[in-house]
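Enquirer: Below is protein-v2.cif; it holds mmCIF, N, CA and C atoms.
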```cif
data_input
loop_
_atom_site.group_PDB
_atom_site.id
_atom_site.type_symbol
_atom_site.label_atom_id
_atom_site.label_comp_id
_atom_site.auth_asym_id
_atom_site.auth_seq_id
_atom_site.Cartn_x
_atom_site.Cartn_y
_atom_site.Cartn_z
ATOM 1 N N MET A 173 11.478 -1.772 24.034
ATOM 2 C CA MET A 173 10.274 -2.532 23.839
ATOM 3 C C MET A 173 10.553 -3.734 22.945
ATOM 4 N N TRP A 174 10.229 -4.900 23.403
ATOM 5 C CA TRP A 174 10.448 -6.119 22.645
ATOM 6 C C TRP A 174 9.231 -6.415 21.781
ATOM 7 N N ILE A 175 9.479 -6.830 20.573
ATOM 8 C CA ILE A 175 8.399 -7.164 19.659
ATOM 9 C C ILE A 175 8.166 -8.670 19.732
ATOM 10 N N ASN A 176 6.945 -9.046 19.943
ATOM 11 C CA ASN A 176 6.588 -10.443 20.026
ATOM 12 C C ASN A 176 6.446 -11.008 18.612
ATOM 13 N N LYS A 177 7.372 -11.883 18.226
ATOM 14 C CA LYS A 177 7.365 -12.436 16.869
ATOM 15 C C LYS A 177 6.110 -13.258 16.596
ATOM 16 N N LYS A 178 5.606 -13.922 17.595
ATOM 17 C CA LYS A 178 4.391 -14.716 17.397
ATOM 18 C C LYS A 178 3.202 -13.820 17.083
ATOM 19 N N ALA A 179 3.121 -12.672 17.744
ATOM 20 C CA ALA A 179 2.018 -11.738 17.493
ATOM 21 C C ALA A 179 2.104 -11.176 16.077
ATOM 22 N N ILE A 180 3.312 -10.850 15.654
ATOM 23 C CA ILE A 180 3.495 -10.324 14.295
ATOM 24 C C ILE A 180 3.150 -11.398 13.273
ATOM 25 N N ARG A 181 3.615 -12.610 13.487
ATOM 26 C CA ARG A 181 3.315 -13.706 12.568
ATOM 27 C C ARG A 181 1.810 -13.962 12.497
ATOM 28 N N ARG A 182 1.126 -13.843 13.643
ATOM 29 C CA ARG A 182 -0.314 -14.051 13.675
ATOM 30 C C ARG A 182 -1.031 -13.009 12.816
ATOM 31 N N VAL A 183 -0.584 -11.760 12.891
ATOM 32 C CA VAL A 183 -1.209 -10.685 12.112
ATOM 33 C C VAL A 183 -0.929 -10.864 10.624
ATOM 34 N N VAL A 184 0.304 -11.214 10.289
ATOM 35 C CA VAL A 184 0.698 -11.297 8.887
ATOM 36 C C VAL A 184 0.153 -12.557 8.214
ATOM 37 N N ASP A 185 0.163 -13.667 8.911
ATOM 38 C CA ASP A 185 -0.181 -14.946 8.289
ATOM 39 C C ASP A 185 -1.637 -15.370 8.430
ATOM 40 N N SER A 186 -2.376 -14.770 9.350
ATOM 41 C CA SER A 186 -3.718 -15.268 9.628
ATOM 42 C C SER A 186 -4.767 -14.186 9.400
ATOM 43 N N THR A 187 -5.861 -14.583 8.788
ATOM 44 C CA THR A 187 -6.975 -13.645 8.615
ATOM 45 C C THR A 187 -8.175 -14.076 9.449
ATOM 46 N N ASP A 188 -7.917 -14.832 10.493
ATOM 47 C CA ASP A 188 -8.987 -15.304 11.371
ATOM 48 C C ASP A 188 -9.446 -14.244 12.362
ATOM 49 N N HIS A 189 -8.747 -13.133 12.429
ATOM 50 C CA HIS A 189 -9.081 -12.092 13.387
ATOM 51 C C HIS A 189 -8.994 -10.729 12.708
ATOM 52 N N PHE A 190 -9.478 -9.725 13.405
ATOM 53 C CA PHE A 190 -9.597 -8.380 12.822
ATOM 54 C C PHE A 190 -8.253 -7.830 12.352
ATOM 55 N N GLU A 191 -7.211 -7.966 13.174
ATOM 56 C CA GLU A 191 -5.906 -7.401 12.805
ATOM 57 C C GLU A 191 -5.351 -8.038 11.535
ATOM 58 N N GLY A 192 -5.513 -9.340 11.394
ATOM 59 C CA GLY A 192 -5.034 -10.013 10.196
ATOM 60 C C GLY A 192 -5.788 -9.578 8.954
ATOM 61 N N LYS A 193 -7.109 -9.451 9.085
ATOM 62 C CA LYS A 193 -7.917 -8.987 7.951
ATOM 63 C C LYS A 193 -7.550 -7.556 7.582
ATOM 64 N N LEU A 194 -7.368 -6.711 8.590
ATOM 65 C CA LEU A 194 -6.999 -5.319 8.340
ATOM 66 C C LEU A 194 -5.648 -5.227 7.646
ATOM 67 N N PHE A 195 -4.687 -6.024 8.092
ATOM 68 C CA PHE A 195 -3.367 -6.035 7.469
ATOM 69 C C PHE A 195 -3.465 -6.451 6.001
ATOM 70 N N THR A 196 -4.194 -7.530 5.734
ATOM 71 C CA THR A 196 -4.345 -8.028 4.368
ATOM 72 C C THR A 196 -5.018 -6.994 3.473
ATOM 73 N N LEU A 197 -6.093 -6.397 3.951
ATOM 74 C CA LEU A 197 -6.790 -5.387 3.149
ATOM 75 C C LEU A 197 -5.924 -4.151 2.914
ATOM 76 N N THR A 198 -5.147 -3.762 3.906
ATOM 77 C CA THR A 198 -4.259 -2.603 3.758
ATOM 78 C C THR A 198 -3.207 -2.866 2.687
ATOM 79 N N VAL A 199 -2.596 -4.032 2.723
ATOM 80 C CA VAL A 199 -1.582 -4.374 1.723
ATOM 81 C C VAL A 199 -2.199 -4.406 0.323
ATOM 82 N N GLN A 200 -3.374 -5.011 0.195
ATOM 83 C CA GLN A 200 -4.041 -5.063 -1.102
ATOM 84 C C GLN A 200 -4.395 -3.665 -1.606
ATOM 85 N N PHE A 201 -4.870 -2.811 -0.713
ATOM 86 C CA PHE A 201 -5.199 -1.436 -1.084
ATOM 87 C C PHE A 201 -3.955 -0.695 -1.573
ATOM 88 N N LEU A 202 -2.849 -0.844 -0.865
ATOM 89 C CA LEU A 202 -1.612 -0.158 -1.261
ATOM 90 C C LEU A 202 -1.097 -0.663 -2.607
ATOM 91 N N ILE A 203 -1.252 -1.941 -2.873
ATOM 92 C CA ILE A 203 -0.846 -2.487 -4.172
ATOM 93 C C ILE A 203 -1.695 -1.886 -5.284
ATOM 94 N N ILE A 204 -2.987 -1.791 -5.076
ATOM 95 C CA ILE A 204 -3.881 -1.218 -6.091
ATOM 96 C C ILE A 204 -3.547 0.252 -6.323
ATOM 97 N N VAL A 205 -3.318 1.003 -5.261
ATOM 98 C CA VAL A 205 -2.943 2.420 -5.404
ATOM 99 C C VAL A 205 -1.648 2.536 -6.197
ATOM 100 N N SER A 206 -0.689 1.684 -5.907
ATOM 101 C CA SER A 206 0.581 1.711 -6.626
ATOM 102 C C SER A 206 0.392 1.407 -8.104
ATOM 103 N N LEU A 207 -0.419 0.416 -8.419
ATOM 104 C CA LEU A 207 -0.682 0.077 -9.821
ATOM 105 C C LEU A 207 -1.372 1.213 -10.562
ATOM 106 N N VAL A 208 -2.336 1.831 -9.923
ATOM 107 C CA VAL A 208 -3.075 2.920 -10.563
ATOM 108 C C VAL A 208 -2.164 4.124 -10.793
ATOM 109 N N THR A 209 -1.403 4.506 -9.784
ATOM 110 C CA THR A 209 -0.519 5.665 -9.947
ATOM 111 C C THR A 209 0.562 5.400 -10.991
ATOM 112 N N PHE A 210 1.094 4.176 -11.009
ATOM 113 C CA PHE A 210 2.095 3.841 -12.023
ATOM 114 C C PHE A 210 1.482 3.907 -13.419
ATOM 115 N N SER A 211 0.277 3.374 -13.564
ATOM 116 C CA SER A 211 -0.386 3.385 -14.868
ATOM 117 C C SER A 211 -0.662 4.803 -15.349
ATOM 118 N N ILE A 212 -1.139 5.647 -14.461
ATOM 119 C CA ILE A 212 -1.421 7.041 -14.843
ATOM 120 C C ILE A 212 -0.123 7.757 -15.187
ATOM 121 N N ASP A 213 0.935 7.455 -14.449
ATOM 122 C CA ASP A 213 2.220 8.120 -14.672
ATOM 123 C C ASP A 213 2.804 7.801 -16.039
ATOM 124 N N THR A 214 2.399 6.703 -16.651
ATOM 125 C CA THR A 214 2.928 6.345 -17.969
ATOM 126 C C THR A 214 2.175 7.022 -19.114
ATOM 127 N N LEU A 215 1.092 7.712 -18.820
ATOM 128 C CA LEU A 215 0.345 8.405 -19.870
ATOM 129 C C LEU A 215 1.149 9.583 -20.413
ATOM 130 N N PRO A 216 1.075 9.797 -21.713
ATOM 131 C CA PRO A 216 1.810 10.931 -22.277
ATOM 132 C C PRO A 216 1.111 12.254 -21.942
ATOM 133 N N ASP A 217 1.868 13.310 -21.987
ATOM 134 C CA ASP A 217 1.352 14.671 -21.845
ATOM 135 C C ASP A 217 0.709 14.955 -20.484
ATOM 136 N N LEU A 218 1.255 14.379 -19.414
ATOM 137 C CA LEU A 218 0.765 14.724 -18.084
ATOM 138 C C LEU A 218 1.373 16.055 -17.656
ATOM 139 N N SER A 219 0.594 16.841 -16.987
ATOM 140 C CA SER A 219 1.109 18.118 -16.513
ATOM 141 C C SER A 219 2.114 17.879 -15.387
ATOM 142 N N PRO A 220 3.027 18.801 -15.194
ATOM 143 C CA PRO A 220 4.004 18.656 -14.108
ATOM 144 C C PRO A 220 3.347 18.556 -12.731
ATOM 145 N N SER A 221 2.241 19.258 -12.530
ATOM 146 C CA SER A 221 1.581 19.180 -11.228
ATOM 147 C C SER A 221 0.980 17.795 -11.002
ATOM 148 N N THR A 222 0.447 17.189 -12.048
ATOM 149 C CA THR A 222 -0.087 15.832 -11.922
ATOM 150 C C THR A 222 1.035 14.841 -11.630
ATOM 151 N N LYS A 223 2.173 14.992 -12.301
ATOM 152 C CA LYS A 223 3.326 14.125 -12.032
ATOM 153 C C LYS A 223 3.795 14.278 -10.589
ATOM 154 N N ASN A 224 3.793 15.514 -10.091
ATOM 155 C CA ASN A 224 4.203 15.740 -8.704
ATOM 156 C C ASN A 224 3.242 15.065 -7.730
ATOM 157 N N ILE A 225 1.966 15.158 -7.999
ATOM 158 C CA ILE A 225 0.963 14.522 -7.123
ATOM 159 C C ILE A 225 1.149 13.015 -7.132
ATOM 160 N N LEU A 226 1.379 12.442 -8.305
ATOM 161 C CA LEU A 226 1.595 10.992 -8.398
ATOM 162 C C LEU A 226 2.862 10.575 -7.660
ATOM 163 N N ASP A 227 3.902 11.398 -7.754
ATOM 164 C CA ASP A 227 5.144 11.096 -7.033
ATOM 165 C C ASP A 227 4.916 11.108 -5.523
ATOM 166 N N VAL A 228 4.148 12.064 -5.051
ATOM 167 C CA VAL A 228 3.855 12.147 -3.621
ATOM 168 C C VAL A 228 3.074 10.919 -3.167
ATOM 169 N N ILE A 229 2.103 10.503 -3.969
ATOM 170 C CA ILE A 229 1.308 9.326 -3.612
ATOM 171 C C ILE A 229 2.179 8.065 -3.600
ATOM 172 N N GLU A 230 3.042 7.919 -4.592
ATOM 173 C CA GLU A 230 3.895 6.734 -4.676
ATOM 174 C C GLU A 230 4.909 6.686 -3.533
ATOM 175 N N ILE A 231 5.480 7.825 -3.192
ATOM 176 C CA ILE A 231 6.494 7.863 -2.137
ATOM 177 C C ILE A 231 5.841 7.853 -0.769
ATOM 178 N N GLY A 232 4.687 8.528 -0.668
ATOM 179 C CA GLY A 232 3.861 8.713 0.498
ATOM 180 C C GLY A 232 4.229 8.029 1.696
#
```
What is this structure when it is put down as structure tokens?
Expert:
Amino acid sequence: MWINKKAIRRVVDSTDHFEGKLFTLTVQFLIIVSLVTFSIDTLPDLSPSTKNILDVIEIG
């Protein structure tokens, strides 16, 4: 299966259509999740189970 580079560029670079907006929102959501999990992971005295959950979310 050949990947159409123009279609990929349209999704990544343009928010004029649904796919582009969805891509942008997904990336922003993942960045926020990463920031939150990293911030929580730096708190002292986290239980091992909480650290494991954060690791799963970060690696996810």
Enquirer: Quick one, how far is atom N of Leu226 of chain A from atom CA of Thr209 of chain A?
Expert: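 Between atom N of Leu226 of chain A and atom CA of Thr209 of chain A the gap is 7.2 Å.
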Enquirer: What does the distance from atom CA of Val183 of chain A to atom CA of Phe195 of chain A come to in Å, to one decimal?
Expert: 6.9 Å
Enquirer: Give me, as number ranges by chain, the residues of chain A that a backbone DSSP run labels alpha helix (DSSP H).
Expert: A: 177-185, 190-213, 220-231
Enquirer: Hey, could you pull the box centre and edge lengths for segment 217-232 of chain A, axis-aligned, 5 Å padding per side, all listed atoms, to one decimal in Å, as AutoDock Vina command-line options?
Expert:
```
--center_x 3.2 --center_y 13.0 --center_z -10.1 --size_x 16.6 --size_y 22.6 --size_z 33.7
```
Enquirer: Rank A:Ser211, A:Val184, A:Ile175, A:Ile225 by their smallest atom-to-atom distance to Thr198 of chain A, using only C-alpha atoms, and report the top residue only.
Expert: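 For Thr198 of chain A, the nearest of the candidates is A:Val184.
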Enquirer: What is the distance between atom N of Ile180 of chain A and atom N of Leu207 of chain A, in Å to one decimal?
Expert: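 Atom-to-atom, atom N of Ile180 of chain A and atom N of Leu207 of chain A are spaced 26.8 Å apart.
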